[in-house]
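Raw query.cif, mmCIF, C-alpha atoms:
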data_final
loop_
_atom_site.group_PDB
_atom_site.id
_atom_site.type_symbol
_atom_site.label_atom_id
_atom_site.label_comp_id
_atom_site.auth_asym_id
_atom_site.auth_seq_id
_atom_site.Cartn_x
_atom_site.Cartn_y
_atom_site.Cartn_z
ATOM 1 C CA MET A 162 84.460 100.446 129.326
ATOM 2 C CA SER A 163 82.264 102.308 126.890
ATOM 3 C CA VAL A 164 79.853 100.564 124.532
ATOM 4 C CA LEU A 165 79.746 102.463 121.272
ATOM 5 C CA GLY A 166 77.806 102.402 118.080
ATOM 6 C CA PHE A 167 79.104 104.589 115.304
ATOM 7 C CA ASN A 168 76.759 107.559 115.579
ATOM 8 C CA SER A 169 78.775 109.303 118.284
ATOM 9 C CA ALA A 170 82.363 110.225 119.047
ATOM 10 C CA LEU A 171 84.598 108.858 121.759
ATOM 11 C CA GLU A 172 85.822 111.723 123.908
ATOM 12 C CA LYS A 173 88.901 111.081 126.066
ATOM 13 C CA GLN A 174 91.693 112.938 127.823
ATOM 14 C CA PRO A 175 95.308 112.499 126.614
ATOM 15 C CA SER A 176 96.346 110.478 129.681
ATOM 16 C CA GLU A 177 93.330 108.169 129.606
ATOM 17 C CA GLN A 178 93.445 104.589 128.385
ATOM 18 C CA VAL A 179 89.898 103.507 127.534
ATOM 19 C CA THR A 180 88.600 100.148 126.310
ATOM 20 C CA VAL A 181 85.545 100.375 124.084
ATOM 21 C CA LYS A 182 83.163 97.750 122.817
ATOM 22 C CA ALA A 183 82.336 98.596 119.202
ATOM 23 C CA ASN A 184 79.056 96.909 118.387
ATOM 24 C CA PHE A 185 78.527 95.368 114.924
ATOM 25 C CA THR A 186 75.345 93.385 115.675
ATOM 26 C CA ASP A 187 73.397 95.237 112.978
ATOM 27 C CA ILE A 188 75.777 93.965 110.273
ATOM 28 C CA SER A 189 74.805 90.319 110.707
ATOM 29 C CA THR A 190 71.090 91.134 110.483
ATOM 30 C CA ASN A 191 71.482 93.360 107.405
ATOM 31 C CA LEU A 192 73.553 91.068 105.180
ATOM 32 C CA VAL A 193 71.624 89.569 102.257
ATOM 33 C CA VAL A 194 72.549 86.000 103.239
ATOM 34 C CA SER A 195 72.164 84.903 106.856
ATOM 35 C CA GLY A 196 74.752 82.923 108.791
ATOM 36 C CA TYR A 197 77.696 85.325 108.614
ATOM 37 C CA ASN A 198 80.005 85.820 111.585
ATOM 38 C CA MET A 199 82.763 88.357 112.040
ATOM 39 C CA ASN A 200 86.052 86.536 111.478
ATOM 40 C CA ASN A 201 88.475 89.365 112.269
ATOM 41 C CA CYS A 202 88.793 93.098 112.695
ATOM 42 C CA GLU A 203 91.756 95.370 112.040
ATOM 43 C CA VAL A 204 91.723 98.623 114.026
ATOM 44 C CA SER A 205 93.848 101.552 112.817
ATOM 45 C CA VAL A 206 93.979 105.172 114.007
ATOM 46 C CA PHE A 207 94.787 108.181 111.811
ATOM 47 C CA ASP A 208 95.175 111.895 112.472
ATOM 48 C CA PRO A 209 93.412 114.426 110.178
ATOM 49 C CA SER A 210 96.428 114.571 107.837
ATOM 50 C CA GLY A 211 96.156 110.814 107.282
ATOM 51 C CA SER A 212 99.260 109.875 109.299
ATOM 52 C CA ASN A 213 98.968 106.469 110.922
ATOM 53 C CA GLN A 214 98.859 106.815 114.725
ATOM 54 C CA THR A 215 97.937 103.205 115.525
ATOM 55 C CA GLY A 216 101.159 102.453 117.397
ATOM 56 C CA ASN A 217 100.674 105.536 119.554
ATOM 57 C CA MET A 218 96.959 105.147 120.230
ATOM 58 C CA VAL A 219 95.966 101.457 120.253
ATOM 59 C CA GLN A 220 96.975 99.484 123.339
ATOM 60 C CA GLY A 221 97.376 95.754 122.753
ATOM 61 C CA THR A 222 95.469 93.779 120.150
ATOM 62 C CA PRO A 223 91.748 94.330 119.525
ATOM 63 C CA THR A 224 89.650 91.215 120.207
ATOM 64 C CA LEU A 225 86.243 89.904 119.176
ATOM 65 C CA ASP A 226 83.541 89.117 121.713
ATOM 66 C CA ALA A 227 82.366 85.531 122.220
ATOM 67 C CA ASN A 228 79.441 86.026 119.800
ATOM 68 C CA ASN A 229 81.626 87.543 117.055
ATOM 69 C CA TYR A 230 79.461 90.663 116.798
ATOM 70 C CA ALA A 231 81.562 93.205 118.729
ATOM 71 C CA VAL A 232 85.175 94.344 118.917
ATOM 72 C CA PHE A 233 87.008 95.326 122.088
ATOM 73 C CA ALA A 234 89.691 97.935 121.411
ATOM 74 C CA CYS A 235 91.735 99.951 123.900
ATOM 75 C CA PHE A 236 92.612 103.533 122.932
ATOM 76 C CA LYS A 237 95.311 105.570 124.655
ATOM 77 C CA GLY A 238 97.231 108.824 124.255
ATOM 78 C CA GLY A 239 96.600 111.516 121.704
ATOM 79 C CA SER A 240 97.300 115.241 121.794
ATOM 80 C CA ASP A 241 95.024 117.724 123.545
ATOM 81 C CA GLY A 242 92.644 119.427 121.114
ATOM 82 C CA GLN A 243 93.297 116.919 118.320
ATOM 83 C CA ASN A 244 90.749 114.683 116.606
ATOM 84 C CA TYR A 245 91.634 111.207 115.361
ATOM 85 C CA TYR A 246 89.772 108.623 113.324
ATOM 86 C CA ALA A 247 89.721 104.947 114.265
ATOM 87 C CA ARG A 248 89.048 102.665 111.306
ATOM 88 C CA PHE A 249 87.488 99.275 112.039
ATOM 89 C CA LYS A 250 87.942 96.964 109.011
ATOM 90 C CA THR A 251 85.942 93.778 109.563
ATOM 91 C CA THR A 252 85.777 90.546 107.594
ATOM 92 C CA TRP A 253 82.604 88.461 107.807
ATOM 93 C CA VAL A 254 82.553 84.803 106.756
ATOM 94 C CA SER A 255 79.938 82.148 106.053
ATOM 95 C CA ALA A 256 80.541 78.650 104.677
ATOM 96 C CA GLY A 257 80.138 78.571 100.909
ATOM 97 C CA GLN A 258 79.613 82.335 100.628
ATOM 98 C CA PRO A 259 82.012 85.094 99.574
ATOM 99 C CA ASP A 260 83.598 87.020 102.453
ATOM 100 C CA GLN A 261 81.998 90.355 103.260
ATOM 101 C CA LYS A 262 84.308 93.256 104.156
ATOM 102 C CA ILE A 263 82.672 96.016 106.186
ATOM 103 C CA GLU A 264 84.452 99.185 107.326
ATOM 104 C CA ARG A 265 83.328 101.737 109.904
ATOM 105 C CA ASP A 266 85.055 104.783 111.335
ATOM 106 C CA LEU A 267 84.913 106.255 114.828
ATOM 107 C CA LEU A 268 85.841 109.836 115.693
ATOM 108 C CA ILE A 269 88.130 110.115 118.741
ATOM 109 C CA GLU A 270 88.186 113.598 120.288
ATOM 110 C CA VAL A 271 91.099 114.172 122.674
ATOM 111 C CA LYS A 272 90.507 117.017 125.156
ATOM 112 C CA GLU A 273 92.218 117.833 128.440
ATOM 113 C CA LYS A 274 89.645 118.711 131.119
ATOM 114 C CA GLY A 275 89.602 119.849 134.689
ATOM 115 C CA PHE A 276 91.590 123.094 134.664
#
I need this file expressed as structure tokens, please.
Amino acid sequence: MSVLGFNSALEKQPSEQVTVKANFTDISTNLVVSGYNMNNCEVSVFDPSGSNQTGNMVQGTPTLDANNYAVFACFKGGSDGQNYYARFKTTWVSAGQPDQKIERDLLIEVKEKGF
């Protein structure tokens, strides 16, 4: 498993299936009102033309960690030499406060290696 922020790309081979932990801890500390927790996260994958590749590249259902500050998502497949973009759309909730919707993107670079 890789632990990723959003300042780097995930590089994988087409046959690899890799679970990543996408860390959102900084969101909770940067919101104007304290006490927010991530309630859910939708993970989608798109190719550069904008075509949805989620069904081909996300294995299973992404889950939140026990502290509600990270998302576990498993990425698979992809075509050699192609870049994809994983979109993490999160919803943060706090009692009596409006929901906060935060989106981050992750570059996925698919490259065959070892020849």
For the file shown, report as a PyMOL selection string the outcome of the PyMOL selection byres ((chain A and resi 267-275) around 8) at residue level.
chain A and resi 167+169-175+239-249+265-266+276
Output the selection as a CSV table (one decimal), in the frame of the given file - C-alpha atoms for each residue.
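The file below, out_0.csv, is the result:
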chain,number,residue,atom,x,y,z
A,167,PHE,CA,79.1,104.6,115.3
A,169,SER,CA,78.8,109.3,118.3
A,170,ALA,CA,82.4,110.2,119.0
A,171,LEU,CA,84.6,108.9,121.8
A,172,GLU,CA,85.8,111.7,123.9
A,173,LYS,CA,88.9,111.1,126.1
A,174,GLN,CA,91.7,112.9,127.8
A,175,PRO,CA,95.3,112.5,126.6
A,239,GLY,CA,96.6,111.5,121.7
A,240,SER,CA,97.3,115.2,121.8
A,241,ASP,CA,95.0,117.7,123.5
A,242,GLY,CA,92.6,119.4,121.1
A,243,GLN,CA,93.3,116.9,118.3
A,244,ASN,CA,90.7,114.7,116.6
A,245,TYR,CA,91.6,111.2,115.4
A,246,TYR,CA,89.8,108.6,113.3
A,247,ALA,CA,89.7,104.9,114.3
A,248,ARG,CA,89.0,102.7,111.3
A,249,PHE,CA,87.5,99.3,112.0
A,265,ARG,CA,83.3,101.7,109.9
A,266,ASP,CA,85.1,104.8,111.3
A,276,PHE,CA,91.6,123.1,134.7
Residues within 7 Å of Lys250 in chain A, all atoms listed in the file, excluding chain neighbours under 5 positions, as an MDAnalysis selection string:
chainID A and resid 202:204 263:265
Option closest in space to Thr252 in chain A, from A:Leu225, A:Glu177, A:Asn217, A:Phe233 [counting only C-alpha atoms]:
A:Leu225
note - CA of Lys262 in chain A and CA of Pro209 in chain A are separated by 23.8 Å
Of the candidates A:Gln178, A:Thr224, A:Asp260, A:Tyr230, which shows the shortest atom-to-atom distance to Thr190 in chain A, using all atoms listed in the file?
A:Tyr230
Could you give me the axis-aligned bounding box of range 224-238 of chain A, with 4 Å of padding per side, as centre plus edge lengths in Å to one decimal, as JSON?
{"center_x": 88.3, "center_y": 97.2, "center_z": 120.7, "size_x": 25.8, "size_y": 31.3, "size_z": 15.9}
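In terms of minimum interatomic distance to Thr251 in chain A, A:Met199 ranks closest within A:Met218, A:Ala227, A:Met199, A:Val206, counting all atoms listed in the file.
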Could you expand the PyMOL selection byres ((chain A and resi 219) around 7) into the explicit residues it covers here, written as a ChimeraX atom specification?
/A:215-218,220-221,235-237
